[in-house]
Amino acid sequence: MAASDEVNLIDSRTVVPLNTWVLISNFKLAYNLLRRPDGTFNRHLAEFLDRKVTANANPVDGVFSFDVIIDRRINLLSRVYRPASPDQEQPPSVLDLEKPLDGEEIVPVILFFHGGSFAHSSANSAIYDTLCRRLVGVCKCVVVSVNYRRAPENPYPCAYDDGWIALNWVNSRSWLKSKKDSKVHIFLAGDSSGGNIAHNVALKAGESGIYVLGNILLNPMFGGSERTESEKRLDGKYFVTVRDRDWYWKAFLPEGEDREHPACNPFSSRARSLEGLSFPKSLVVVAGLDLIQDWQLAYAEGLKRAGQEVKLMHLEKATVGFYLLPNNNHFHNVMDEISAFVNAE
Amino acid sequence: MKRGHVETWDPPPQPPSGSGPSMADNKSKMAADDSNMDELLAVLGYKVRSSEMAEVAQKLEQLEMVLSNDDVGSTVLNDTVHYNPSDLSSWVESMLSELNNPASSDLDQTRICEDSDLRAIPGLSAFPAEGEVVDEEASSKRIRLGPVGSWCDAAGESTRSMVLVDSQETGVRLVHALVACAEAIQQEDHNLADALVKRVGTLAVSQAGAMGKVATYFAQALTRRIYRAYMTTETDFSGGSAVGPSFEEVLQMHFYESCPYLKFAHFTVNQAILEAVTTARRVHVIDLGLNQGMQWPALMQALAVRPGGPPSFRLTGIGPPQTENSDSLQQLGWKLAQFAQAVGVEFEFKGLAAETLSDLEPGMFETRPESETLVVNSVFELHRLLARSGSIEKLLATVKAVKPSIVTVVEQEANHNGIVFLDRFNEALHYYSSLFDSLEDSYSLPSQDRVMSEVYLGRQILNVVAAEGSDRVERHETLSQWKTRMGSAGFAPVPLGSSAFKQASMLLSLFAGGDGYRVEENDGCLMLGWQTRPLITTSAWKLGGAAVEMTR
């Protein structure tokens, strides 16, 4: 056992920069602790360890942010990121926060769902605050990051419900309308569990007549009962294990459910067909060293077979979390693709 | 966004060959060199020196090995107290140490039952399990956590954290008028300001909820500023007449009851004190602002149930000058003595009246360093001294001179001391809006408590907005600003850990509207906030520098 552990560790050290390795290994270590052996989750320690940042209405690198309670009933908070207007002399006052979008061009609004396998992180986690700021910078868009309720305390369907509330909120903000056509140009995006949430919110949007222009799924979290080839081959090799994946599904899915539940496997025999449904075009990014890639690739395939528009980016040498640090080519390539994707019209 | 120069990364570095000068020398040099921090990780909240990256990676691997071979390790680490997770190197190191020197004791002593009564919590949590490291090694482990004067987020840059409640759209006109009025004052256009403040008053009356209340207080404060017609008793908090201070104390009591901020402050500070005096037989606390002494019964109770018996507890409480026919300090001392007797703690009290804290001299405290462990406590007191030049430095020098084992500090987390009025105004508007918002949610509380709390906060607003010079005592500053001051004065941080964090979180969940309250760990300090906006910060300090005498 020890020898192959050593091989695992050396392998992962050669495929990512050292600081990325340290960052993701730190998360792996912390997360292993938080998932207690007795099946419970150490939420207090999780919140203690999570590095958070406040919103900042003073622009930093051309981006400012503020938080909004979008549903007081369930205390649902979202963080809004906006590009600062170049001609603005003073920092935005509270009146500028919800000022209507400027300019003649369309400004995409990305509704973002952070990752964390449904259990970890928050909208104000430093890793996600940073990612959202980078998205605004690259795409010249507005980002709304949803602080959805997490498992195991709030399992399925809480996260989806919160995403749906957030979508309705974004859709009804007059100040998020682009001047050009007085419409809110909405994209859904997320990494890991956030990608899964984006998919499910898009499904509901299609049924309810809210027009979502596109889905961006970064290493989306999907699964199924079967053990796929990639899960067997990559188990424990690049920061993630099948065992931890199982734990998170168990924490999120309803009691007694297995991983053929549509929330986990959107193309299982139990899931509704996507054929003929109103569904946005999708950009699906898959990391080649992510052990659940077979499920992610199957997802993209499934969309295609159902006649939905999908662009797949399969990054052979990327691991989970590659997008958290801008120190590799994958990061930049993906950011460029996302920018092209949301600015396509 | 930096693009051009970022390429694929360098291959993993070769292990360092035995370098010339001793590694110890290099390490201490690097301790002072903050520019060596990995920038990318720093943005994500982790402080790791680039030069240490390989070593940290190695420790992470080591820890993984140990954990994978040992089922109990994970449980141990769940129950252990964690400190300062931003300092990755020390955090990983402390976990390795913990696993290599396992506590032989009953772990349940440190585990808190979810439904245990709050009174019992301080007693349970603060005391380490038998065998858990309280010895030299642990103390030196603590000292090693984070270099002195460690890396601060750019103390020069200001951060404006705003949380809007969705009803913002209806309050826009009100906020507009408030800000416009403040702008007019900034431009010294008092006619315009006067007209605008009247408009604010009108709008505020028809604005429901927290926004309306906050706006009313700000409008009053703005009016006062415009006319500069305020009475001494309302703005002079550092001394004042017989009427002023005790009314203030009454208000504070209601504030204490109605929302968790003061309770949180006292609670987290008491945790830090308890951890610092675990083996002390005699404890002396100097409270820089005794007020109603609400902090001390809980501490005495926790000391009383300490395994091995309570230490003796001496309290020196500082308050404003007493009037001829009342000695509230002494009376308070008597009340606390009665309480101490009831819980079985040997107690001694001395009241010290001072016009201002900078009048204090080390000799006044009659410290007994050979037998007592000394604690200096300041809850919302330090910022007042910023109103007079040299005062804070004088006080900190006095505190340093009495050689406390620990200095506990609670301050508002806001920058209400900027030079530009308009900036202060905007900061304060958002800060107090958050505070009032949080009160609003405490719907199940007696309304008198809430109203009095609002009055209590209203007086702070008045001072921040309308007062100037030495009258303006509500000069709140942020943690990074206080860190710089404390560092310059020769103090080093003592991190507050995951145990205090958890206790504080559990305390908060007991409050109605508890959903919105959050505790956050920030660089060894604990911040209490409403939603994502930090409002209060608790920090702990010790004398910095190499030669620290541990007089226990």
# chains A, B, ... in the order shown; residues from 1 in each chain; ligands from 1
>>> interface_residues(of="chain A", to="chain B", cutoff="7 Å", atoms="only C-alpha atoms", output="PDB file with C-alpha atoms, in the first residue's frame")
ATOM      1  CA  THR A  14       4.742  16.458 -11.691  1.00  0.00           C
ATOM      2  CA  PRO A  17       2.961  23.830 -10.361  1.00  0.00           C
ATOM      3  CA  LEU A  18       4.204  23.485  -6.808  1.00  0.00           C
ATOM      4  CA  ASN A  19       2.000  26.176  -5.343  1.00  0.00           C
ATOM      5  CA  VAL A  22       0.240  22.792  -2.094  1.00  0.00           C
ATOM      6  CA  LEU A  33     -10.631  15.807   8.297  1.00  0.00           C
ATOM      7  CA  HIS A  44     -17.544  24.490  12.666  1.00  0.00           C
ATOM      8  CA  LEU A  45     -14.045  23.420  11.742  1.00  0.00           C
ATOM      9  CA  PHE A  48     -12.913  28.076  10.755  1.00  0.00           C
ATOM     10  CA  LEU A  49     -10.550  26.777   8.104  1.00  0.00           C
ATOM     11  CA  ARG A  51     -10.408  31.548   4.000  1.00  0.00           C
ATOM     12  CA  THR A  54     -15.374  40.579   2.324  1.00  0.00           C
ATOM     13  CA  ALA A  55     -17.007  42.223  -0.635  1.00  0.00           C
ATOM     14  CA  ASN A  56     -15.377  45.444  -1.661  1.00  0.00           C
ATOM     15  CA  ALA A  57     -17.225  48.361  -3.159  1.00  0.00           C
ATOM     16  CA  ASN A  58     -13.891  50.026  -3.876  1.00  0.00           C
ATOM     17  CA  PHE A  66     -21.178  43.937  -2.918  1.00  0.00           C
ATOM     18  CA  ASP A  67     -23.453  41.433  -1.236  1.00  0.00           C
ATOM     19  CA  VAL A  68     -27.216  41.278  -1.458  1.00  0.00           C
ATOM     20  CA  ILE A  69     -29.705  39.308   0.569  1.00  0.00           C
ATOM     21  CA  ILE A  70     -31.852  38.135  -2.294  1.00  0.00           C
ATOM     22  CA  LEU A  95     -26.290  54.386  -5.214  1.00  0.00           C
ATOM     23  CA  ALA A 126     -11.342  33.579  -1.184  1.00  0.00           C
ATOM     24  CA  ILE A 127     -10.824  31.038  -3.976  1.00  0.00           C
ATOM     25  CA  LEU A 325      -4.648  29.760  -9.995  1.00  0.00           C
ATOM     26  CA  ASN A 327      -0.339  29.853 -13.396  1.00  0.00           C
ATOM     27  CA  ASN A 328      -0.990  27.395 -16.197  1.00  0.00           C
ATOM     28  CA  ASN A 329      -2.076  27.413 -19.805  1.00  0.00           C
TER      29      ASN A 329
END
>>> residues_around(residues="Leu234 (chain A)", least_positions_apart="4", cutoff="8 Å", atoms="only C-alpha atoms", output="list in words")
Ser230, Tyr238, Leu289, Asp290 and Leu291 of chain A
>>> closest_residue(among="B:Gly333, B:Gly308, B:Gly319, B:Pro404", to="Trp296 (chain B)", atoms="only C-alpha atoms")
B:Gly333
>>> select_by_dssp(residues="region 184-357 of chain B", states="helix (DSSP H, G or I)", output="ChimeraX atom specification")
/B:184-186,190-205,209-227,232-235,243-258,260-276,296-304,328-343,357
>>> closest_residue(among="A:Glu226, A:Glu257, A:Glu207, A:Asp102", to="Val242 (chain A)", atoms="only C-alpha atoms")
A:Glu226
>>> select_by_dssp(residues="region 202-384 of chain B", states="strand (DSSP E)", output="list in words")
Arg282, Val283, His284, Val285, Ile286, Asp287, Ser312, Phe313, Arg314, Leu315, Thr316, Gly317, Ile318, Gly319, Phe347, Glu348, Phe349, Lys350, Gly351, Leu352, Ala353, Thr373, Leu374, Val375, Val376, Asn377, Ser378 and Val379 of chain B
>>> write_last_selection(atoms="C-alpha atoms", output="compact mmCIF listing (two decimals), in the first residue's frame")
# COMPACT_ATOMS: atom_id res chain seq x y z
CA ARG B 282 -3.26 33.60 41.00
CA VAL B 283 -4.79 35.73 38.27
CA HIS B 284 -4.91 39.50 38.11
CA VAL B 285 -7.08 41.15 35.46
CA ILE B 286 -6.83 44.85 34.70
CA ASP B 287 -10.03 45.89 32.97
CA SER B 312 -7.57 33.43 43.13
CA PHE B 313 -8.96 36.26 41.06
CA ARG B 314 -7.97 39.89 41.48
CA LEU B 315 -9.75 42.50 39.42
CA THR B 316 -8.61 46.07 38.92
CA GLY B 317 -11.44 47.91 37.25
CA ILE B 318 -10.95 51.29 35.66
CA GLY B 319 -13.80 53.75 35.41
CA PHE B 347 -11.62 37.54 44.99
CA GLU B 348 -9.95 40.89 45.42
CA PHE B 349 -11.08 44.15 43.85
CA LYS B 350 -9.68 47.58 43.30
CA GLY B 351 -11.38 50.41 41.49
CA LEU B 352 -9.21 52.95 39.72
CA ALA B 353 -10.78 56.20 38.62
CA THR B 373 -0.44 36.02 36.07
CA LEU B 374 -1.45 39.36 34.67
CA VAL B 375 -4.13 40.00 32.06
CA VAL B 376 -4.98 43.36 30.56
CA ASN B 377 -8.43 43.61 29.01
CA SER B 378 -9.85 46.28 26.74
CA VAL B 379 -13.33 46.07 25.27
